[in-house]
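Novice: Structure file protein_31.pdb, PDB, C-alpha atoms, pLDDT in the B column, is pasted below:
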```pdb
ATOM      1  CA  MET A   1       0.000   0.000   0.000  1.00 54.00           C
ATOM      2  CA  ARG A   2       2.772   2.422   0.951  1.00 48.00           C
ATOM      3  CA  SER A   3       4.547   1.621  -2.311  1.00 49.00           C
ATOM      4  CA  LYS A   4       1.415   2.510  -4.331  1.00 51.00           C
ATOM      5  CA  ILE A   5       1.052   5.843  -2.509  1.00 48.00           C
ATOM      6  CA  LEU A   6       4.722   6.668  -3.092  1.00 39.00           C
ATOM      7  CA  SER A   7       4.435   5.723  -6.778  1.00 43.00           C
ATOM      8  CA  GLY A   8       1.298   7.838  -7.129  1.00 45.00           C
ATOM      9  CA  ALA A   9       2.990  10.816  -5.471  1.00 40.00           C
ATOM     10  CA  LEU A  10       6.011  10.507  -7.779  1.00 38.00           C
ATOM     11  CA  LEU A  11       3.755  10.237 -10.829  1.00 39.00           C
ATOM     12  CA  MET A  12       1.764  13.309  -9.733  1.00 43.00           C
ATOM     13  CA  THR A  13       5.018  15.275  -9.165  1.00 40.00           C
ATOM     14  CA  ALA A  14       6.297  14.307 -12.622  1.00 40.00           C
ATOM     15  CA  LEU A  15       3.014  15.307 -14.259  1.00 37.00           C
ATOM     16  CA  LEU A  16       2.966  18.659 -12.459  1.00 36.00           C
ATOM     17  CA  ALA A  17       6.579  19.324 -13.495  1.00 40.00           C
ATOM     18  CA  LEU A  18       5.698  18.497 -17.100  1.00 37.00           C
ATOM     19  CA  LEU A  19       2.649  20.747 -16.957  1.00 37.00           C
ATOM     20  CA  PHE A  20       4.584  23.719 -15.570  1.00 39.00           C
ATOM     21  CA  THR A  21       7.560  23.391 -17.907  1.00 38.00           C
ATOM     22  CA  SER A  22       5.306  23.018 -20.944  1.00 39.00           C
ATOM     23  CA  CYS A  23       3.879  26.458 -20.115  1.00 41.00           C
ATOM     24  CA  LEU A  24       7.291  28.077 -20.498  1.00 42.00           C
ATOM     25  CA  ASP A  25       7.563  29.668 -23.938  1.00 45.00           C
ATOM     26  CA  LEU A  26      11.329  29.442 -24.328  1.00 45.00           C
ATOM     27  CA  ASP A  27      11.214  28.938 -28.094  1.00 47.00           C
ATOM     28  CA  ASP A  28       8.932  31.688 -29.306  1.00 48.00           C
ATOM     29  CA  ASP A  29       8.575  33.045 -32.816  1.00 42.00           C
ATOM     30  CA  ARG A  30      11.077  35.898 -32.517  1.00 52.00           C
ATOM     31  CA  GLU A  31      13.829  35.944 -35.093  1.00 64.00           C
ATOM     32  CA  ALA A  32      16.935  34.125 -33.952  1.00 78.00           C
ATOM     33  CA  ASN A  33      19.662  36.442 -32.738  1.00 91.00           C
ATOM     34  CA  THR A  34      22.755  36.483 -34.917  1.00 97.00           C
ATOM     35  CA  PRO A  35      25.674  38.923 -34.920  1.00 97.00           C
ATOM     36  CA  GLU A  36      24.295  40.437 -38.133  1.00 97.00           C
ATOM     37  CA  ARG A  37      20.798  40.904 -36.722  1.00 97.00           C
ATOM     38  CA  GLU A  38      22.217  42.374 -33.533  1.00 97.00           C
ATOM     39  CA  GLN A  39      24.198  44.942 -35.554  1.00 98.00           C
ATOM     40  CA  GLN A  40      21.062  45.850 -37.520  1.00 97.00           C
ATOM     41  CA  LEU A  41      18.985  46.332 -34.350  1.00 97.00           C
ATOM     42  CA  LEU A  42      21.791  48.231 -32.645  1.00 98.00           C
ATOM     43  CA  LYS A  43      22.123  50.621 -35.596  1.00 98.00           C
ATOM     44  CA  GLN A  44      18.352  51.190 -35.677  1.00 98.00           C
ATOM     45  CA  TYR A  45      18.279  51.914 -31.950  1.00 98.00           C
ATOM     46  CA  ILE A  46      21.212  54.344 -32.032  1.00 98.00           C
ATOM     47  CA  ASP A  47      19.807  56.056 -35.149  1.00 98.00           C
ATOM     48  CA  GLY A  48      16.512  56.452 -33.262  1.00 98.00           C
ATOM     49  CA  LEU A  49      18.256  58.176 -30.361  1.00 98.00           C
ATOM     50  CA  VAL A  50      20.075  60.519 -32.735  1.00 98.00           C
ATOM     51  CA  SER A  51      16.859  61.314 -34.618  1.00 98.00           C
ATOM     52  CA  LYS A  52      15.355  62.445 -31.291  1.00 98.00           C
ATOM     53  CA  GLY A  53      18.155  64.999 -31.065  1.00 98.00           C
ATOM     54  CA  LEU A  54      20.046  63.161 -28.335  1.00 98.00           C
ATOM     55  CA  ASN A  55      23.828  63.387 -28.149  1.00 98.00           C
ATOM     56  CA  VAL A  56      25.036  59.776 -28.387  1.00 99.00           C
ATOM     57  CA  ASP A  57      28.661  59.248 -27.399  1.00 99.00           C
ATOM     58  CA  THR A  58      30.767  56.087 -27.522  1.00 98.00           C
ATOM     59  CA  THR A  59      33.416  54.740 -25.146  1.00 98.00           C
ATOM     60  CA  ALA A  60      36.759  53.362 -26.295  1.00 97.00           C
ATOM     61  CA  LEU A  61      35.414  49.798 -26.069  1.00 98.00           C
ATOM     62  CA  GLY A  62      32.215  50.608 -27.972  1.00 98.00           C
ATOM     63  CA  VAL A  63      29.475  51.245 -25.406  1.00 99.00           C
ATOM     64  CA  TYR A  64      27.016  53.878 -26.640  1.00 99.00           C
ATOM     65  CA  TYR A  65      25.660  56.311 -24.084  1.00 99.00           C
ATOM     66  CA  VAL A  66      23.515  59.374 -23.551  1.00 99.00           C
ATOM     67  CA  ARG A  67      24.167  61.472 -20.469  1.00 98.00           C
ATOM     68  CA  GLN A  68      20.678  62.494 -19.321  1.00 98.00           C
ATOM     69  CA  ARG A  69      21.745  64.342 -16.178  1.00 99.00           C
ATOM     70  CA  GLU A  70      25.118  65.540 -14.930  1.00 98.00           C
ATOM     71  CA  GLY A  71      26.321  64.464 -11.509  1.00 99.00           C
ATOM     72  CA  THR A  72      28.565  66.018  -8.890  1.00 99.00           C
ATOM     73  CA  GLY A  73      31.534  64.921  -6.853  1.00 98.00           C
ATOM     74  CA  PRO A  74      34.112  62.201  -7.397  1.00 98.00           C
ATOM     75  CA  PHE A  75      33.972  59.468 -10.016  1.00 98.00           C
ATOM     76  CA  PRO A  76      34.326  55.856  -8.841  1.00 98.00           C
ATOM     77  CA  ALA A  77      37.489  53.816  -9.167  1.00 97.00           C
ATOM     78  CA  SER A  78      38.431  50.265  -8.237  1.00 97.00           C
ATOM     79  CA  GLY A  79      37.832  49.634  -4.535  1.00 98.00           C
ATOM     80  CA  ASP A  80      35.203  52.364  -4.154  1.00 98.00           C
ATOM     81  CA  THR A  81      31.666  51.527  -3.070  1.00 98.00           C
ATOM     82  CA  ILE A  82      28.896  52.693  -5.356  1.00 98.00           C
ATOM     83  CA  SER A  83      25.121  52.650  -5.114  1.00 98.00           C
ATOM     84  CA  VAL A  84      23.031  52.647  -8.285  1.00 98.00           C
ATOM     85  CA  LYS A  85      19.416  52.415  -9.367  1.00 97.00           C
ATOM     86  CA  TYR A  86      18.948  50.795 -12.747  1.00 98.00           C
ATOM     87  CA  VAL A  87      16.633  49.110 -15.198  1.00 97.00           C
ATOM     88  CA  GLY A  88      17.997  46.791 -17.890  1.00 98.00           C
ATOM     89  CA  TYR A  89      16.089  46.378 -21.164  1.00 98.00           C
ATOM     90  CA  LEU A  90      16.402  44.205 -24.224  1.00 98.00           C
ATOM     91  CA  MET A  91      16.136  45.745 -27.693  1.00 96.00           C
ATOM     92  CA  ASP A  92      12.442  44.814 -27.831  1.00 96.00           C
ATOM     93  CA  GLY A  93      11.804  46.986 -24.770  1.00 96.00           C
ATOM     94  CA  SER A  94      11.245  44.156 -22.305  1.00 97.00           C
ATOM     95  CA  VAL A  95      12.836  44.468 -18.860  1.00 96.00           C
ATOM     96  CA  PHE A  96      15.304  41.697 -18.057  1.00 96.00           C
ATOM     97  CA  ASP A  97      16.783  43.107 -14.841  1.00 94.00           C
ATOM     98  CA  SER A  98      16.185  45.922 -12.397  1.00 95.00           C
ATOM     99  CA  SER A  99      17.459  47.107  -9.040  1.00 94.00           C
ATOM    100  CA  PHE A 100      13.804  47.821  -8.264  1.00 90.00           C
ATOM    101  CA  ARG A 101      12.976  44.115  -8.558  1.00 84.00           C
ATOM    102  CA  ASN A 102      16.059  42.727  -6.864  1.00 76.00           C
ATOM    103  CA  ASN A 103      16.629  45.039  -3.915  1.00 72.00           C
ATOM    104  CA  GLY A 104      14.095  46.077  -1.332  1.00 74.00           C
ATOM    105  CA  ASP A 105      15.202  49.720  -1.358  1.00 79.00           C
ATOM    106  CA  SER A 106      15.710  49.703  -5.157  1.00 91.00           C
ATOM    107  CA  ILE A 107      19.409  50.515  -4.749  1.00 95.00           C
ATOM    108  CA  TRP A 108      22.202  48.120  -5.639  1.00 95.00           C
ATOM    109  CA  THR A 109      25.353  48.798  -3.602  1.00 96.00           C
ATOM    110  CA  TYR A 110      28.640  47.083  -4.355  1.00 97.00           C
ATOM    111  CA  VAL A 111      32.406  47.514  -4.351  1.00 97.00           C
ATOM    112  CA  VAL A 112      33.840  48.311  -7.787  1.00 98.00           C
ATOM    113  CA  GLU A 113      36.172  45.452  -8.727  1.00 97.00           C
ATOM    114  CA  PRO A 114      37.395  44.507 -12.201  1.00 96.00           C
ATOM    115  CA  GLY A 115      35.860  41.286 -13.525  1.00 96.00           C
ATOM    116  CA  LYS A 116      32.802  41.328 -11.245  1.00 96.00           C
ATOM    117  CA  ASN A 117      30.328  42.578 -13.888  1.00 97.00           C
ATOM    118  CA  ILE A 118      29.986  42.506 -17.647  1.00 98.00           C
ATOM    119  CA  LYS A 119      32.659  44.549 -19.446  1.00 98.00           C
ATOM    120  CA  GLY A 120      30.240  47.145 -20.779  1.00 99.00           C
ATOM    121  CA  TRP A 121      28.885  47.887 -17.295  1.00 98.00           C
ATOM    122  CA  GLU A 122      32.412  48.164 -15.908  1.00 98.00           C
ATOM    123  CA  GLU A 123      33.295  50.553 -18.746  1.00 98.00           C
ATOM    124  CA  MET A 124      30.450  52.914 -17.811  1.00 98.00           C
ATOM    125  CA  MET A 125      30.653  53.165 -14.012  1.00 98.00           C
ATOM    126  CA  PRO A 126      33.835  55.339 -13.952  1.00 98.00           C
ATOM    127  CA  LEU A 127      31.983  57.878 -16.158  1.00 98.00           C
ATOM    128  CA  MET A 128      29.235  58.441 -13.590  1.00 99.00           C
ATOM    129  CA  ASN A 129      29.330  60.450 -10.381  1.00 99.00           C
ATOM    130  CA  LYS A 130      26.668  61.062  -7.735  1.00 99.00           C
ATOM    131  CA  GLY A 131      23.359  62.147  -9.267  1.00 99.00           C
ATOM    132  CA  CYS A 132      24.418  61.329 -12.838  1.00 99.00           C
ATOM    133  CA  LYS A 133      21.785  59.627 -14.980  1.00 99.00           C
ATOM    134  CA  MET A 134      22.699  57.805 -18.178  1.00 99.00           C
ATOM    135  CA  GLU A 135      21.208  55.515 -20.755  1.00 99.00           C
ATOM    136  CA  PHE A 136      23.766  53.186 -22.217  1.00 98.00           C
ATOM    137  CA  VAL A 137      23.670  50.479 -24.842  1.00 99.00           C
ATOM    138  CA  ILE A 138      26.086  47.602 -24.423  1.00 99.00           C
ATOM    139  CA  PRO A 139      26.752  45.414 -27.479  1.00 99.00           C
ATOM    140  CA  SER A 140      26.759  41.681 -26.786  1.00 98.00           C
ATOM    141  CA  THR A 141      30.536  41.567 -27.259  1.00 98.00           C
ATOM    142  CA  LEU A 142      30.782  43.537 -24.001  1.00 99.00           C
ATOM    143  CA  ALA A 143      27.921  41.676 -22.283  1.00 98.00           C
ATOM    144  CA  TYR A 144      27.122  37.966 -22.622  1.00 98.00           C
ATOM    145  CA  GLY A 145      28.283  37.403 -26.202  1.00 98.00           C
ATOM    146  CA  ASP A 146      27.109  34.175 -27.769  1.00 98.00           C
ATOM    147  CA  LYS A 147      25.806  32.731 -24.476  1.00 97.00           C
ATOM    148  CA  TRP A 148      22.396  32.787 -22.830  1.00 97.00           C
ATOM    149  CA  ALA A 149      22.130  34.761 -19.572  1.00 96.00           C
ATOM    150  CA  GLY A 150      19.205  33.421 -17.600  1.00 92.00           C
ATOM    151  CA  LEU A 151      15.936  32.826 -19.419  1.00 92.00           C
ATOM    152  CA  TYR A 152      15.613  36.219 -21.085  1.00 94.00           C
ATOM    153  CA  VAL A 153      18.948  37.382 -22.494  1.00 98.00           C
ATOM    154  CA  ALA A 154      19.571  35.425 -25.681  1.00 97.00           C
ATOM    155  CA  PRO A 155      22.951  35.142 -27.392  1.00 98.00           C
ATOM    156  CA  TYR A 156      23.967  38.244 -29.385  1.00 98.00           C
ATOM    157  CA  SER A 157      21.700  40.550 -27.374  1.00 98.00           C
ATOM    158  CA  SER A 158      22.672  44.176 -26.925  1.00 99.00           C
ATOM    159  CA  LEU A 159      21.585  45.458 -23.522  1.00 99.00           C
ATOM    160  CA  ILE A 160      20.106  48.859 -22.697  1.00 99.00           C
ATOM    161  CA  PHE A 161      20.474  50.267 -19.204  1.00 99.00           C
ATOM    162  CA  VAL A 162      19.056  53.401 -17.632  1.00 98.00           C
ATOM    163  CA  VAL A 163      21.187  54.069 -14.556  1.00 98.00           C
ATOM    164  CA  VAL A 164      21.251  56.682 -11.804  1.00 98.00           C
ATOM    165  CA  MET A 165      24.361  56.873  -9.637  1.00 99.00           C
ATOM    166  CA  ASP A 166      22.946  57.275  -6.139  1.00 98.00           C
ATOM    167  CA  ASP A 167      26.255  57.482  -4.274  1.00 98.00           C
ATOM    168  CA  VAL A 168      30.022  57.097  -4.599  1.00 98.00           C
ATOM    169  CA  ARG A 169      31.983  56.313  -1.431  1.00 98.00           C
ATOM    170  CA  LYS A 170      35.706  56.495  -1.980  1.00 97.00           C
ATOM    171  CA  LYS A 171      37.852  53.675  -0.638  1.00 95.00           C
ATOM    172  CA  GLU A 172      39.492  54.634   2.625  1.00 89.00           C
ATOM    173  CA  GLN A 173      43.235  55.001   2.215  1.00 74.00           C
TER     174      GLN A 173
END
```
Could you write out this file's structure as structure tokens?
Specialist:
Amino acid sequence: MRSKILSGALLMTALLALLFTSCLDLDDDREANTPEREQQLLKQYIDGLVSKGLNVDTTALGVYYVRQREGTGPFPASGDTISVKYVGYLMDGSVFDSSFRNNGDSIWTYVVEPGKNIKGWEEMMPLMNKGCKMEFVIPSTLAYGDKWAGLYVAPYSSLIFVVVMDDVRKKEQ
């Protein structure tokens, strides 16, 4: 009798797992991301910003950015502690990450250390001081490249971030 109950419970668990995973739409009808398609979408997005009269600048590594608000005070360097509010978007406008979702106070605080974040993010933080607000577009070569990142960031996905630098605390000497 106990064996039948255990078998029934295992069967029910397997059926529920199958039901829930079949509801995930991981292979939808969007065009497959390729380096060529990414470049096309990236160009369209940047051209759209320029057509709105925004001043789009580019870093040495190739991150595009628009400074929406100037900040004040020191700029962060390795070893400093920074606090940021951010929302990360995919090219289709969907949100894939946000400090508002992940942190109770909506602020992400961390110590700036090389190799701890994607290259494009690391490239942008030293350009922001307290109060600065930027939108930046990170090509996949400076993000996750040809790899998936979680369920939402497909290979060859450029990432768009809107970031506000809430605070910069210099490393104590």
Novice: With the PyMOL selection byres ((chain A and resi 67) around 8) as the selection, what would be picked from this file? Answer as a PyMOL selection string, please.
Specialist: chain A and resi 55+65-66+68-70+132-135
Novice: Considering all atoms listed in the file, state which residue in the set A:Pro155, A:Met124, A:Lys147, A:Val162 is at the smallest distance from Thr58 of chain A.
Specialist: A:Met124
Novice: Closest to Arg37 of chain A among A:Tyr156, A:Tyr144, A:Phe75, A:Tyr86, using only C-alpha atoms?
Specialist: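 That would be A:Tyr156, the residue with the smallest distance to Arg37 of chain A.
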Novice: Could you jot down the atom CA of Trp148 of chain A to atom CA of Gln44 of chain A separation for me, Å, one decimal place?
Specialist: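 Result for atom CA of Trp148 of chain A versus atom CA of Gln44 of chain A: 22.8 Å, one decimal.
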Novice: From the set A:Asn102, A:Gly93, A:Phe136, A:Asp47, which residue has the shortest atom-to-atom contact distance to Tyr64 of chain A, counting only C-alpha atoms?
Specialist: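 Comparing A:Asn102, A:Gly93, A:Phe136, A:Asp47 against Tyr64 of chain A, the winner is A:Phe136.
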Novice: Missing atoms in segment 117-133 of chain A need filling: write out N, CA and C atoms for it as an mmCIF file, keeping the file's coordinate frame.
Specialist:
```
data_model
loop_
_atom_site.group_PDB
_atom_site.id
_atom_site.type_symbol
_atom_site.label_atom_id
_atom_site.label_comp_id
_atom_site.auth_asym_id
_atom_site.auth_seq_id
_atom_site.Cartn_x
_atom_site.Cartn_y
_atom_site.Cartn_z
ATOM 1 N N ASN A 117 31.520 42.319 -13.083
ATOM 2 C CA ASN A 117 30.328 42.578 -13.888
ATOM 3 C C ASN A 117 30.697 42.448 -15.364
ATOM 4 N N ILE A 118 29.694 42.561 -16.219
ATOM 5 C CA ILE A 118 29.986 42.506 -17.647
ATOM 6 C C ILE A 118 30.860 43.702 -18.033
ATOM 7 N N LYS A 119 31.681 43.523 -19.060
ATOM 8 C CA LYS A 119 32.659 44.549 -19.446
ATOM 9 C C LYS A 119 32.020 45.901 -19.748
ATOM 10 N N GLY A 120 30.889 45.890 -20.433
ATOM 11 C CA GLY A 120 30.240 47.145 -20.779
ATOM 12 C C GLY A 120 29.795 47.923 -19.562
ATOM 13 N N TRP A 121 29.289 47.231 -18.549
ATOM 14 C CA TRP A 121 28.885 47.887 -17.295
ATOM 15 C C TRP A 121 30.116 48.476 -16.621
ATOM 16 N N GLU A 122 31.182 47.693 -16.536
ATOM 17 C CA GLU A 122 32.412 48.164 -15.908
ATOM 18 C C GLU A 122 32.999 49.370 -16.636
ATOM 19 N N GLU A 123 32.821 49.430 -17.943
ATOM 20 C CA GLU A 123 33.295 50.553 -18.746
ATOM 21 C C GLU A 123 32.540 51.840 -18.400
ATOM 22 N N MET A 124 31.284 51.729 -18.022
ATOM 23 C CA MET A 124 30.450 52.914 -17.811
ATOM 24 C C MET A 124 30.525 53.485 -16.396
ATOM 25 N N MET A 125 30.708 52.664 -15.389
ATOM 26 C CA MET A 125 30.653 53.165 -14.012
ATOM 27 C C MET A 125 31.654 54.285 -13.731
ATOM 28 N N PRO A 126 32.908 54.238 -14.219
ATOM 29 C CA PRO A 126 33.835 55.339 -13.952
ATOM 30 C C PRO A 126 33.438 56.668 -14.608
ATOM 31 N N LEU A 127 32.439 56.653 -15.493
ATOM 32 C CA LEU A 127 31.983 57.878 -16.158
ATOM 33 C C LEU A 127 30.823 58.549 -15.428
ATOM 34 N N MET A 128 30.399 57.928 -14.316
ATOM 35 C CA MET A 128 29.235 58.441 -13.590
ATOM 36 C C MET A 128 29.638 58.874 -12.181
ATOM 37 N N ASN A 129 29.160 60.027 -11.766
ATOM 38 C CA ASN A 129 29.330 60.450 -10.381
ATOM 39 C C ASN A 129 27.943 60.642 -9.760
ATOM 40 N N LYS A 130 27.930 60.999 -8.475
ATOM 41 C CA LYS A 130 26.668 61.062 -7.735
ATOM 42 C C LYS A 130 25.649 61.958 -8.436
ATOM 43 N N GLY A 131 24.447 61.410 -8.638
ATOM 44 C CA GLY A 131 23.359 62.147 -9.267
ATOM 45 C C GLY A 131 23.310 62.010 -10.778
ATOM 46 N N CYS A 132 24.370 61.494 -11.381
ATOM 47 C CA CYS A 132 24.418 61.329 -12.838
ATOM 48 C C CYS A 132 23.385 60.284 -13.278
ATOM 49 N N LYS A 133 22.728 60.570 -14.398
ATOM 50 C CA LYS A 133 21.785 59.627 -14.980
ATOM 51 C C LYS A 133 22.197 59.408 -16.428
#
```
